[in-house]
Structures are given as C-alpha cells and as structure tokens.
>>> print(open('coords_17.tsv').read())   # TSV, C-alpha atoms and all ligand atoms
chain	number	residue	atom	x	y	z
A	68	MET	CA	26.61	6.83	14.78
A	69	SER	CA	29.31	4.36	15.72
A	70	ARG	CA	32.69	3.53	14.24
A	71	PHE	CA	31.41	-0.01	13.61
A	72	TRP	CA	28.77	1.01	11.07
A	73	SER	CA	29.21	0.21	7.40
A	74	PRO	CA	29.84	3.59	5.76
A	75	PHE	CA	26.56	3.68	3.79
A	76	VAL	CA	24.45	3.26	6.93
A	77	LYS	CA	25.05	6.81	8.08
A	78	ASP	CA	23.63	8.14	4.80
A	79	LEU	CA	20.36	6.17	5.00
A	80	VAL	CA	17.17	8.20	5.43
A	81	PRO	CA	14.74	5.63	6.90
A	82	TYR	CA	10.97	5.66	6.44
A	83	VAL	CA	8.94	7.05	9.34
A	84	PRO	CA	5.68	5.12	9.83
A	85	GLY	CA	2.54	6.75	11.22
A	86	GLU	CA	2.24	6.71	14.99
A	87	GLN	CA	1.04	3.49	16.68
A	88	PRO	CA	-0.04	5.04	20.00
A	89	LYS	CA	0.21	3.10	23.22
A	90	LEU	CA	-2.98	4.77	24.44
A	91	ALA	CA	-5.86	2.52	23.42
A	92	ARG	CA	-8.61	5.10	23.73
A	93	LEU	CA	-7.54	7.27	20.81
A	94	VAL	CA	-9.67	7.29	17.66
A	95	LYS	CA	-7.01	6.15	15.25
A	96	LEU	CA	-7.47	7.56	11.74
A	97	ASN	CA	-3.77	7.96	10.87
A	98	THR	CA	-2.40	4.80	9.22
A	99	ASN	CA	-5.18	3.52	6.93
A	100	GLU	CA	-5.89	0.35	8.86
A	101	ASN	CA	-9.31	-1.21	8.38
A	102	PRO	CA	-11.76	-0.33	11.18
A	103	TYR	CA	-13.38	-3.75	10.87
A	104	GLY	CA	-11.62	-6.88	12.12
A	105	PRO	CA	-10.17	-9.62	9.94
A	106	SER	CA	-12.38	-12.31	8.38
A	107	PRO	CA	-13.65	-14.76	11.04
A	108	ARG	CA	-12.53	-17.54	8.71
A	109	ALA	CA	-8.98	-16.11	8.73
A	110	LEU	CA	-9.00	-16.00	12.54
A	111	GLU	CA	-10.31	-19.57	12.68
A	112	ALA	CA	-7.57	-20.79	10.32
A	113	MET	CA	-4.91	-19.13	12.46
A	114	ARG	CA	-6.32	-20.62	15.67
A	115	ALA	CA	-6.22	-24.07	14.08
A	116	GLU	CA	-2.56	-23.51	13.15
A	117	LEU	CA	-1.59	-22.49	16.68
A	118	GLY	CA	-0.07	-25.61	18.23
A	119	ASP	CA	2.69	-28.16	18.08
A	120	ASN	CA	3.20	-27.44	14.36
A	121	LEU	CA	4.98	-24.23	15.24
A	122	ARG	CA	8.13	-26.20	16.01
A	123	LEU	CA	8.37	-26.87	12.26
A	124	TYR	CA	9.45	-24.33	9.64
A	125	PRO	CA	6.67	-23.04	7.42
A	126	ASP	CA	6.40	-23.88	3.70
A	127	PRO	CA	9.15	-21.69	2.19
A	128	ASN	CA	7.06	-21.24	-0.97
A	129	SER	CA	3.77	-20.42	0.77
A	130	ASP	CA	2.03	-22.61	-1.82
A	131	ARG	CA	-1.32	-22.59	-0.04
A	132	LEU	CA	-1.44	-18.79	-0.14
A	133	LYS	CA	-0.20	-18.51	-3.72
A	134	GLN	CA	-2.92	-20.98	-4.72
A	135	ALA	CA	-5.63	-18.90	-2.99
A	136	VAL	CA	-4.41	-15.67	-4.64
A	137	ALA	CA	-4.11	-17.37	-8.05
A	138	GLU	CA	-7.67	-18.66	-7.79
A	139	TYR	CA	-9.01	-15.30	-6.68
A	140	TYR	CA	-7.45	-13.49	-9.64
A	141	SER	CA	-7.62	-16.32	-12.22
A	142	VAL	CA	-3.85	-16.43	-12.73
A	143	THR	CA	-1.34	-19.25	-12.15
A	144	PRO	CA	0.67	-19.65	-8.92
A	145	ALA	CA	3.82	-19.03	-11.00
A	146	GLN	CA	2.54	-15.48	-11.55
A	147	VAL	CA	2.27	-14.83	-7.79
A	148	PHE	CA	4.95	-13.73	-5.31
A	149	VAL	CA	4.23	-13.30	-1.59
A	150	GLY	CA	6.19	-11.54	1.11
A	151	ASN	CA	6.25	-10.18	4.64
A	152	GLY	CA	4.06	-7.15	3.92
A	153	SER	CA	4.00	-5.46	0.55
A	154	ASP	CA	6.81	-3.24	1.84
A	155	GLU	CA	9.08	-6.28	1.72
A	156	VAL	CA	7.76	-7.23	-1.73
A	157	LEU	CA	8.50	-3.67	-2.89
A	158	ALA	CA	12.01	-3.84	-1.39
A	159	HIS	CA	12.74	-6.99	-3.43
A	160	ILE	CA	11.36	-5.30	-6.55
A	161	PHE	CA	13.63	-2.28	-6.08
A	162	HIS	CA	16.56	-4.57	-5.35
A	163	GLY	CA	16.01	-7.11	-8.12
A	164	LEU	CA	14.50	-5.06	-10.93
A	165	PHE	CA	15.49	-1.41	-10.45
A	166	GLN	CA	18.99	-1.56	-8.97
A	167	HIS	CA	21.64	-1.21	-11.72
A	168	ALA	CA	18.96	-0.23	-14.25
A	169	ARG	CA	20.13	2.48	-16.65
A	170	GLY	CA	18.33	5.79	-16.20
A	171	PRO	CA	16.11	7.08	-13.44
A	172	LEU	CA	13.18	5.34	-11.79
A	173	LEU	CA	10.10	7.55	-12.16
A	174	PHE	CA	7.40	8.06	-9.55
A	175	PRO	CA	4.98	10.90	-8.73
A	176	ASP	CA	6.27	13.82	-6.63
A	177	ILE	CA	3.41	13.12	-4.25
A	178	SER	CA	3.28	9.36	-3.58
A	179	TYR	CA	4.28	6.67	-1.12
A	180	SER	CA	7.22	8.04	0.86
A	181	PHE	CA	8.85	4.61	1.08
A	182	TYR	CA	9.89	4.72	-2.61
A	183	PRO	CA	12.70	7.27	-2.15
A	184	VAL	CA	13.81	5.36	0.96
A	185	TYR	CA	14.31	2.16	-1.07
A	186	CYS	CA	16.13	4.20	-3.72
A	187	GLY	CA	18.49	5.35	-0.97
A	188	LEU	CA	18.96	1.83	0.37
A	189	TYR	CA	19.72	0.29	-3.03
A	190	GLY	CA	21.44	3.28	-4.64
A	191	ILE	CA	18.83	3.81	-7.37
A	192	ALA	CA	18.65	7.09	-9.33
A	193	HIS	CA	15.12	8.47	-9.34
A	194	GLU	CA	13.12	11.38	-10.65
A	195	ALA	CA	9.93	12.75	-9.15
A	196	VAL	CA	7.29	13.49	-11.79
A	197	ALA	CA	4.95	16.28	-10.69
A	198	LEU	CA	1.25	15.48	-10.38
A	199	ASP	CA	-0.89	18.04	-12.23
A	200	ALA	CA	-2.59	20.97	-10.46
A	201	GLN	CA	-5.53	18.71	-9.52
A	202	PHE	CA	-3.07	16.17	-8.01
A	203	GLN	CA	-3.70	13.70	-10.85
A	204	ILE	CA	-1.15	11.53	-12.64
A	205	GLN	CA	-0.78	12.60	-16.29
A	206	VAL	CA	0.28	9.53	-18.28
A	207	ALA	CA	2.00	11.65	-20.96
A	208	ASP	CA	4.49	12.87	-18.34
A	209	TYR	CA	5.89	9.32	-18.12
A	210	SER	CA	6.81	9.12	-21.82
A	211	LYS	CA	10.42	9.96	-21.16
A	212	SER	CA	13.55	7.91	-20.83
A	213	ASN	CA	13.41	5.82	-17.65
A	214	ALA	CA	14.63	2.62	-16.07
A	215	GLY	CA	11.30	1.83	-14.45
A	216	ILE	CA	8.08	3.37	-13.17
A	217	ILE	CA	6.23	2.90	-9.89
A	218	PHE	CA	3.10	4.55	-8.55
A	219	PRO	CA	0.36	3.71	-6.09
A	220	ASN	CA	-3.11	3.31	-7.60
A	221	PRO	CA	-5.18	4.77	-6.06
A	222	ASN	CA	-2.35	7.15	-5.25
A	223	ALA	CA	-1.29	7.69	-1.64
A	224	PRO	CA	-1.71	10.02	0.15
A	225	THR	CA	-4.10	11.69	-2.33
A	226	GLY	CA	-6.56	8.80	-2.83
A	227	CYS	CA	-6.90	9.70	-6.52
A	228	LEU	CA	-7.44	6.85	-9.00
A	229	LEU	CA	-5.85	6.44	-12.41
A	230	PRO	CA	-8.44	4.58	-14.55
A	231	LEU	CA	-7.39	1.16	-15.88
A	232	GLN	CA	-7.43	2.47	-19.45
A	233	ALA	CA	-4.82	5.11	-18.54
A	234	VAL	CA	-2.69	2.47	-16.78
A	235	GLU	CA	-2.70	0.52	-20.04
A	236	GLN	CA	-1.68	3.61	-22.03
A	237	LEU	CA	1.25	4.07	-19.69
A	238	LEU	CA	2.24	0.41	-20.19
A	239	GLN	CA	2.04	0.77	-23.96
A	240	ALA	CA	4.30	3.81	-23.90
A	241	ASN	CA	6.88	2.00	-21.73
A	242	ARG	CA	7.21	-1.52	-23.14
A	243	ASP	CA	10.91	-1.65	-22.27
A	244	SER	CA	10.78	-0.81	-18.58
A	245	VAL	CA	9.22	-2.50	-15.60
A	246	VAL	CA	6.04	-0.74	-14.50
A	247	VAL	CA	4.92	-1.42	-10.92
A	248	VAL	CA	1.36	-0.55	-9.92
A	249	ASP	CA	1.15	-0.49	-6.13
A	250	GLU	CA	-2.49	-1.39	-5.51
A	251	ALA	CA	-2.53	-1.15	-1.72
A	252	TYR	CA	-5.96	0.54	-1.89
A	253	ILE	CA	-7.44	-0.78	-5.13
A	254	ASP	CA	-10.28	-2.70	-3.43
A	255	PHE	CA	-11.90	0.52	-2.19
A	256	GLY	CA	-12.97	1.78	-5.59
A	257	GLY	CA	-10.63	0.88	-8.45
A	258	GLU	CA	-10.23	-1.87	-10.98
A	259	THR	CA	-7.08	-3.98	-10.62
A	260	ALA	CA	-4.46	-4.02	-13.39
A	261	ILE	CA	-3.95	-7.76	-12.76
A	262	SER	CA	-6.22	-8.30	-15.80
A	263	LEU	CA	-3.33	-6.90	-17.90
A	264	VAL	CA	-0.48	-9.12	-16.69
A	265	ASP	CA	-0.97	-11.71	-19.45
A	266	ARG	CA	-0.57	-9.02	-22.13
A	267	TYR	CA	2.27	-6.96	-20.61
A	268	ASP	CA	5.38	-8.85	-19.54
A	269	ASN	CA	6.74	-5.61	-18.01
A	270	LEU	CA	3.86	-5.18	-15.53
A	271	LEU	CA	4.00	-6.03	-11.83
A	272	VAL	CA	1.00	-5.38	-9.61
A	273	THR	CA	1.55	-5.32	-5.84
A	274	GLN	CA	-1.14	-5.63	-3.20
A	275	THR	CA	-1.31	-5.94	0.57
A	276	LEU	CA	-3.57	-7.66	3.08
A	277	SER	CA	-3.02	-4.75	5.48
A	278	LYS	CA	-5.84	-2.53	4.28
A	279	SER	CA	-8.83	-4.13	2.54
A	280	ARG	CA	-8.33	-7.48	4.30
A	281	SER	CA	-7.78	-6.02	7.77
A	282	LEU	CA	-4.54	-7.90	8.46
A	283	ALA	CA	-1.95	-5.14	8.94
A	284	GLY	CA	-0.72	-6.96	12.05
A	285	LEU	CA	-0.05	-10.19	10.12
A	286	ARG	CA	2.33	-8.63	7.54
A	287	VAL	CA	1.40	-10.15	4.19
A	288	GLY	CA	1.79	-8.62	0.74
A	289	LEU	CA	1.96	-9.96	-2.79
A	290	ALA	CA	2.92	-9.24	-6.37
A	291	VAL	CA	1.33	-10.59	-9.56
A	292	GLY	CA	3.11	-10.49	-12.92
A	293	HIS	CA	4.93	-12.42	-15.63
A	294	PRO	CA	6.56	-15.63	-14.30
A	295	GLU	CA	10.01	-14.30	-15.26
A	296	LEU	CA	9.55	-11.16	-13.15
A	297	ILE	CA	8.25	-13.33	-10.31
A	298	GLU	CA	11.29	-15.60	-10.70
A	299	ALA	CA	13.60	-12.60	-10.12
A	300	LEU	CA	11.75	-11.84	-6.87
A	301	GLU	CA	12.01	-15.49	-5.78
A	302	ARG	CA	15.77	-15.41	-6.40
A	303	ILE	CA	16.12	-12.27	-4.26
A	304	LYS	CA	13.88	-13.67	-1.54
A	305	ASN	CA	15.77	-16.96	-1.41
A	306	SER	CA	19.04	-15.03	-1.10
A	307	PHE	CA	17.66	-13.01	1.81
A	308	ASN	CA	15.14	-14.96	3.91
A	309	SER	CA	13.70	-18.32	2.85
A	310	TYR	CA	10.80	-18.15	5.29
A	311	PRO	CA	9.39	-14.60	5.19
A	312	LEU	CA	5.85	-15.80	5.90
A	313	ASP	CA	5.23	-17.73	9.09
A	314	ARG	CA	2.68	-20.52	9.48
A	315	MET	CA	-0.04	-18.24	10.87
A	316	ALA	CA	0.41	-15.74	8.06
A	317	ILE	CA	0.17	-18.35	5.31
A	318	VAL	CA	-3.08	-19.91	6.52
A	319	GLY	CA	-4.64	-16.65	7.73
A	320	ALA	CA	-3.96	-14.80	4.49
A	321	ALA	CA	-5.18	-17.72	2.36
A	322	ALA	CA	-8.43	-17.93	4.33
A	323	ALA	CA	-8.89	-14.16	4.03
A	324	PHE	CA	-8.71	-14.48	0.23
A	325	GLU	CA	-11.16	-17.37	0.32
A	326	ASP	CA	-13.73	-15.47	2.40
A	327	ARG	CA	-15.10	-13.30	-0.39
A	328	ASP	CA	-18.38	-12.46	1.32
A	329	TYR	CA	-16.79	-10.91	4.39
A	330	PHE	CA	-14.32	-9.01	2.21
A	331	ASP	CA	-17.06	-7.61	-0.08
A	332	GLU	CA	-19.20	-6.62	2.90
A	333	THR	CA	-16.45	-4.76	4.81
A	334	CYS	CA	-15.18	-2.97	1.68
A	335	ARG	CA	-18.74	-1.86	0.91
A	336	LYS	CA	-19.16	-0.47	4.45
A	337	VAL	CA	-15.89	1.49	4.25
A	338	ILE	CA	-16.85	2.95	0.85
A	339	GLU	CA	-20.30	3.99	2.15
A	340	SER	CA	-18.75	5.64	5.22
A	341	ARG	CA	-16.27	7.45	2.99
A	342	GLU	CA	-19.05	9.07	0.98
A	343	VAL	CA	-20.86	10.15	4.16
A	344	LEU	CA	-17.67	11.59	5.68
A	345	VAL	CA	-16.71	13.47	2.50
A	346	GLU	CA	-20.11	15.14	2.45
A	347	ALA	CA	-19.85	16.12	6.11
A	348	LEU	CA	-16.35	17.58	5.63
A	349	VAL	CA	-17.39	19.53	2.54
A	350	ALA	CA	-20.31	20.94	4.56
A	351	ARG	CA	-17.69	22.16	7.09
A	352	GLY	CA	-15.80	24.03	4.37
A	353	PHE	CA	-13.12	21.41	3.61
A	354	GLU	CA	-11.90	20.77	0.10
A	355	VAL	CA	-11.61	16.99	-0.40
A	356	LEU	CA	-9.79	15.28	-3.29
A	357	PRO	CA	-11.84	12.56	-5.03
A	358	SER	CA	-10.92	9.33	-3.22
A	359	ALA	CA	-11.06	5.71	-4.34
A	360	ALA	CA	-9.22	4.59	-1.18
A	361	ASN	CA	-9.99	3.96	2.50
A	362	PHE	CA	-8.79	7.45	3.36
A	363	ILE	CA	-9.40	10.96	2.16
A	364	PHE	CA	-7.05	13.88	1.58
A	365	ALA	CA	-8.57	17.17	2.67
A	366	ARG	CA	-7.62	20.78	3.29
A	367	HIS	CA	-9.42	23.72	4.83
A	368	PRO	CA	-8.96	27.05	3.01
A	369	GLN	CA	-8.75	29.04	6.26
A	370	GLN	CA	-7.35	26.67	8.89
A	371	ASP	CA	-3.76	25.47	9.09
A	372	ALA	CA	-3.54	21.69	8.65
A	373	ALA	CA	-0.83	21.08	11.27
A	374	ALA	CA	-2.84	23.13	13.78
A	375	ILE	CA	-6.02	21.14	13.05
A	376	ALA	CA	-4.11	17.86	13.47
A	377	ALA	CA	-2.63	19.02	16.78
A	378	ARG	CA	-6.01	20.11	18.14
A	379	LEU	CA	-7.69	16.90	17.00
A	380	ARG	CA	-5.03	14.96	18.85
A	381	GLU	CA	-5.77	16.90	22.04
A	382	GLN	CA	-9.30	15.62	21.67
A	383	GLY	CA	-8.20	12.03	21.15
A	384	VAL	CA	-8.46	11.79	17.36
A	385	ILE	CA	-5.30	11.18	15.32
A	386	VAL	CA	-4.97	11.86	11.61
A	387	ARG	CA	-1.84	12.07	9.41
A	388	HIS	CA	-0.14	15.30	8.42
A	389	PHE	CA	2.84	15.44	6.02
A	390	LYS	CA	5.31	18.33	6.09
A	391	GLN	CA	6.16	18.06	2.35
A	392	ALA	CA	5.72	21.55	0.84
A	393	ARG	CA	3.07	20.87	-1.79
A	394	ILE	CA	0.76	19.02	0.59
A	395	ALA	CA	1.54	20.73	3.91
A	396	GLN	CA	-1.99	22.13	4.11
A	397	PHE	CA	-3.64	18.72	3.70
A	398	LEU	CA	-4.68	16.11	6.23
A	399	ARG	CA	-4.91	12.43	5.38
A	400	ILE	CA	-7.84	10.94	7.24
A	401	THR	CA	-8.47	7.18	7.37
A	402	ILE	CA	-12.09	6.09	7.02
A	403	GLY	CA	-13.26	4.58	10.31
A	404	THR	CA	-16.54	3.05	11.40
A	405	PRO	CA	-19.51	5.45	11.38
A	406	GLU	CA	-18.87	5.97	15.13
A	407	MET	CA	-15.20	6.81	14.65
A	408	ASN	CA	-16.00	9.19	11.81
A	409	GLN	CA	-18.60	10.89	14.00
A	410	ALA	CA	-15.98	11.29	16.75
A	411	LEU	CA	-13.80	13.09	14.20
A	412	LEU	CA	-16.65	15.39	13.20
A	413	ASP	CA	-17.51	16.11	16.84
A	414	ALA	CA	-13.88	16.99	17.54
A	415	LEU	CA	-13.80	19.28	14.49
A	416	ASN	CA	-16.97	21.01	15.68
A	501	LIG	C1	0.19	0.57	3.27
A	501	LIG	C2	0.93	0.67	1.98
A	501	LIG	C3	1.87	-0.28	1.60
A	501	LIG	C4	2.45	-1.27	2.58
A	501	LIG	O1	1.67	-2.27	2.94
A	501	LIG	P1	2.21	-3.42	3.90
A	501	LIG	O2	1.73	-4.63	3.20
A	501	LIG	O3	1.52	-3.19	5.20
A	501	LIG	O4	3.69	-3.38	3.99
A	501	LIG	C5	2.44	-0.21	0.36
A	501	LIG	N1	2.13	0.80	-0.48
A	501	LIG	C6	1.26	1.75	-0.16
A	501	LIG	C7	0.96	2.84	-1.11
A	501	LIG	C8	0.65	1.72	1.10
A	501	LIG	O5	-0.16	2.71	1.47
>>> encode(input="coords_17.tsv", output="structure tokens", more="lines below")
Ligand SMILES: *Cc1c(COP(=O)(O)O)cnc(C)c1O
Amino acid sequence: MSRFWSPFVKDLVPYVPGEQPKLARLVKLNTNENPYGPSPRALEAMRAELGDNLRLYPDPNSDRLKQAVAEYYSVTPAQVFVGNGSDEVLAHIFHGLFQHARGPLLFPDISYSFYPVYCGLYGIAHEAVALDAQFQIQVADYSKSNAGIIFPNPNAPTGCLLPLQAVEQLLQANRDSVVVVDEAYIDFGGETAISLVDRYDNLLVTQTLSKSRSLAGLRVGLAVGHPELIEALERIKNSFNSYPLDRMAIVGAAAAFEDRDYFDETCRKVIESREVLVEALVARGFEVLPSAANFIFARHPQQDAAAIAARLREQGVIVRHFKQARIAQFLRITIGTPEMNQALLDALN
C-alpha cells in the first residue's frame, strides 16, 4: 500500500487466475485452455495482417468480427458486442448494467470467481444463491427480488448444464432484470441461449474465443443481446478504450468463426476425450459431476483433493483446486488430448 493510492484500491480483492507455469514440460490441465491449436484459417488471417498495417489503428467497431459472429448466430451486428476477452465484456456489463441497480445481483454460490471481484470493483451489492445438493442451479431459487442475475452455463467450476428450457423459465420469472448467461463453455455440450435474444430484451449472452476456439492468447470475447443493451456496452467501451481489439484479434477471431469445420472437429474430439476420462476416473473411485464443458469436477471419497493436486504437480501434471469450503474436496481437471489425459491417469496410478 502507498499513500498515493485512491482509497478504494486498498479494499479491492483481485481475481487470482490459474497458474501459467514457466516450465513448458508440465501437462497443463488447470485453466481450461483447448489442447488443440487455433484454426489454421485464423492463423493464416493473422499472418496476413502482420505487416505495415500495424502502424494504423484498428477498426474501433471491429465490424468484420461482428459480421462474422452475426452470420454464425443469425443475428444482426447491432446485437453483437465484442471485447478484449469475455472478462472485459463482463466488466462492462457489471459497470453499465448492474452498477446503481436497486437490489442485489444474484449468482450461484459456486460459480465464476470473477463475479464477486467485479462487484467489489464497481460497488455492486450481491447475493450468492446456493446450488442444490447435487450442485445444480434451481431456477425457482431466482424468483426473488433482484437487480440482475448472472451465471455461467455450463456452470464453472462444476461443468453442470442448465437446459435451455430452464434458462427460459428463469427469464420469464425475471422480465424486469437483466439476465446474463455466461456461455464460456456452451460449445462443449449445451445449447446456446442466443436463440432467445429476439424474444427477451433483458437477456445478454456472453461467449469467449478462449476455450472452444482455442484463442485464449488472443483475448477476444463477445456478448449478444437486444440492441439497446449492446448500446449501453458500446457507450461504456467508448468511454474506456476505443480500440480494445487489435488488428490481429479482429481478423483472427473472425476467421475462427468462419472456419466451422475445424471448430466442429476439435469440439467433438474434446467431448469424446471427456467421456473416456470420466469413465477412467470413475473406475479409480472418483465421483465426477456430469459435465457439458471442457473440464470435469471430481472428488475422491478417501483422498484429500489438495493432497492429490500437490502430488500430481510433483509428477508434472497441474490441475485446479479451489479452497472454497463447499468444493474444497473437488479438483477441476481440464480435458486434454488423449495423451495428456493418459499422463494424468498414469500420475494418479
Ligand atoms: C474462461 C472464462 C471466462 C473468461 O474468458 P476470457 O474470454 O478468456 O476472458 C468467462 N467466464 C467463465 C465462466 C470462464 O470460465
């Protein structure tokens, strides 16, 4: 702390991302990155952009990317917002739609740990709604007074999916508050709620290119919703940073959306590997929550989770462990290639 800090800075509780180890030889199953590389078409588009053009600012509106997303989801570009990672998109949502709202923002007690951090940054009252005993979201629990609702679907770090029908029930019960569905992992087994944005003007769906499109290093995220909600995000963005996406990010992300075959193929491989890994872990006595994501959430009835994580690390395999009381006996394990998953199993043996 220094005497030069603005007073609120000392009260911030920043997010702690999963480890990005400097040692390259570790089998990295801790931050839900895709084990397969980005689309070759995305890489090609970025290579073509790398040149004299970089002296010029990028398109502040990222029109090429908005167009690609709009085409992919059959919406209009005015329904699409893009940002520097979905974390930035989420920050603008908290800032522009939840700050100064009357009543608490609701989110599950077990969910993305960045949500309470943004609440701290923007001074937003919030209330954690407990998942049920099976770690599922119960829609009825969200029929209480609130100033907004946000949840990941599939949920993180559990991997559990709320079916689209239940998402719609939640929207119907909350017509007067903004409902944000954070679909960071939707492509690994769920059905997107983007199909509902034309019918619910209070719905915002966020997605990221960091997981299913293998571009965590590029930092691109997006939101789809009613043009008036999108307009609020544009106003925030243009009061903060006019050029959040650089030239490489705009063309690379657009090409990744256009390369449907590569996307379908890599998602299919991750899903297949997930089913194989779940079976192998269950055979080793683990209890695994049903996952629709590119990770699984597992606990062993006899072995301490933190101890397993520490011993795996000694053997060069890193997984994520959270200290939060209700989930302290779980490990979150990212789905790797078949070889990476086998390395995990060998280390467990
Ligand atoms: C990974 C993740 C994000 C952030 O994605 P970025 O686009 O990399 O910022 C957002 N929400 C959830 C639930 C995530 O797991």
>>> residues_near_ligand(input="coords_17.tsv", ligand="ligand LIG 501 (chain A)", cutoff="6 Å", atoms="all atoms listed in the file", output="PyMOL selection string")
chain A and resi 152-154+179+219+223+249+251+275+277+283+286-288
>>> residues_around(input="coords_17.tsv", residues="Cys186 (chain A)", least_positions_apart="4", cutoff="10 Å", atoms="only C-alpha atoms", output="PyMOL selection string")
chain A and resi 79+158+161-162+165-166+172+181-182+190-193
>>> closest_residue(input="coords_17.tsv", among="A:Gln146, A:Ser141, A:Asn101, A:Ser309", to="Tyr252 (chain A)", atoms="only C-alpha atoms")
A:Asn101
>>> closest_residue(input="coords_17.tsv", among="A:Leu263, A:Leu198, A:Leu123, A:Ala299", to="Ile160 (chain A)", atoms="only C-alpha atoms")
A:Ala299
>>> residues_around(input="coords_17.tsv", residues="Asn361 (chain A)", least_positions_apart="5", cutoff="12 Å", atoms="all atoms listed in the file", output="number ranges by chain")
A: 96-103, 221-227, 251-257, 277-281, 333-342, 344-345, 399-404
>>> atom_distance(input="coords_17.tsv", atom1="CA of Val206 (chain A)", atom2="CA of Leu228 (chain A)")
12.4 Å
>>> closest_residue(input="coords_17.tsv", among="A:Ile261, A:Leu110, A:Leu271, A:Met407", to="Leu296 (chain A)", atoms="all atoms listed in the file")
A:Leu271
>>> residues_around(input="coords_17.tsv", residues="Ala347 (chain A)", least_positions_apart="6", cutoff="12 Å", atoms="only C-alpha atoms", output="PDB file with C-alpha atoms, in the frame of the given file")
ATOM      1  CA  SER A 340     -18.750   5.640   5.220  1.00  0.00           C
ATOM      2  CA  ARG A 341     -16.270   7.450   2.990  1.00  0.00           C
ATOM      3  CA  PHE A 353     -13.120  21.410   3.610  1.00  0.00           C
ATOM      4  CA  GLU A 354     -11.900  20.770   0.100  1.00  0.00           C
ATOM      5  CA  VAL A 355     -11.610  16.990  -0.400  1.00  0.00           C
ATOM      6  CA  ALA A 365      -8.570  17.170   2.670  1.00  0.00           C
ATOM      7  CA  PRO A 405     -19.510   5.450  11.380  1.00  0.00           C
ATOM      8  CA  ASN A 408     -16.000   9.190  11.810  1.00  0.00           C
ATOM      9  CA  GLN A 409     -18.600  10.890  14.000  1.00  0.00           C
ATOM     10  CA  LEU A 411     -13.800  13.090  14.200  1.00  0.00           C
ATOM     11  CA  LEU A 412     -16.650  15.390  13.200  1.00  0.00           C
ATOM     12  CA  ASP A 413     -17.510  16.110  16.840  1.00  0.00           C
ATOM     13  CA  LEU A 415     -13.800  19.280  14.490  1.00  0.00           C
ATOM     14  CA  ASN A 416     -16.970  21.010  15.680  1.00  0.00           C
TER      15      ASN A 416
END
>>> residues_around(input="coords_17.tsv", residues="Asn128 (chain A)", least_positions_apart="6", cutoff="10 Å", atoms="only C-alpha atoms", output="count of residues only")
10
>>> residues_around(input="coords_17.tsv", residues="Ile204 (chain A)", least_positions_apart="4", cutoff="8 Å", atoms="only C-alpha atoms", output="short mmCIF file (atom, residue, chain, number, x, y, z; two decimals) with C-alpha atoms, in the coordinates of the input")
data_model
loop_
_atom_site.label_atom_id
_atom_site.label_comp_id
_atom_site.auth_asym_id
_atom_site.auth_seq_id
_atom_site.Cartn_x
_atom_site.Cartn_y
_atom_site.Cartn_z
CA PRO A 175 4.98 10.90 -8.73
CA ALA A 197 4.95 16.28 -10.69
CA LEU A 198 1.25 15.48 -10.38
CA ASP A 199 -0.89 18.04 -12.23
CA LEU A 229 -5.85 6.44 -12.41
#
>>> closest_atom_pairs(input="coords_17.tsv", of="region 160-273 of chain A", to="region 378-393 of chain A", cutoff="10 Å", atoms="only C-alpha atoms", output="Markdown table")
| residue | atom | partner | partner_atom | distance |
| --- | --- | --- | --- | --- |
| A:Asp176 | CA | A:Arg393 | CA | 9.1 |
| A:Ile177 | CA | A:Arg393 | CA | 8.1 |
| A:Phe202 | CA | A:Arg393 | CA | 9.9 |
| A:Pro224 | CA | A:Phe389 | CA | 9.2 |
>>> atom_distance(input="coords_17.tsv", atom1="CA of Gln203 (chain A)", atom2="CA of Thr273 (chain A)")
20.4 Å
>>> atom_distance(input="coords_17.tsv", atom1="CA of Ala290 (chain A)", atom2="CA of Phe330 (chain A)")
19.3 Å
>>> closest_residue(input="coords_17.tsv", among="A:Glu86, A:Ala233, A:Phe174, A:Gln201", to="Ile217 (chain A)", atoms="only C-alpha atoms")
A:Phe174
>>> closest_residue(input="coords_17.tsv", among="A:Asp243, A:Glu346, A:Pro230, A:Lys211", to="Ala359 (chain A)", atoms="only C-alpha atoms")
A:Pro230
>>> closest_residue(input="coords_17.tsv", among="A:Arg302, A:Arg70, A:His293, A:His159", to="Tyr267 (chain A)", atoms="all atoms listed in the file")
A:His293
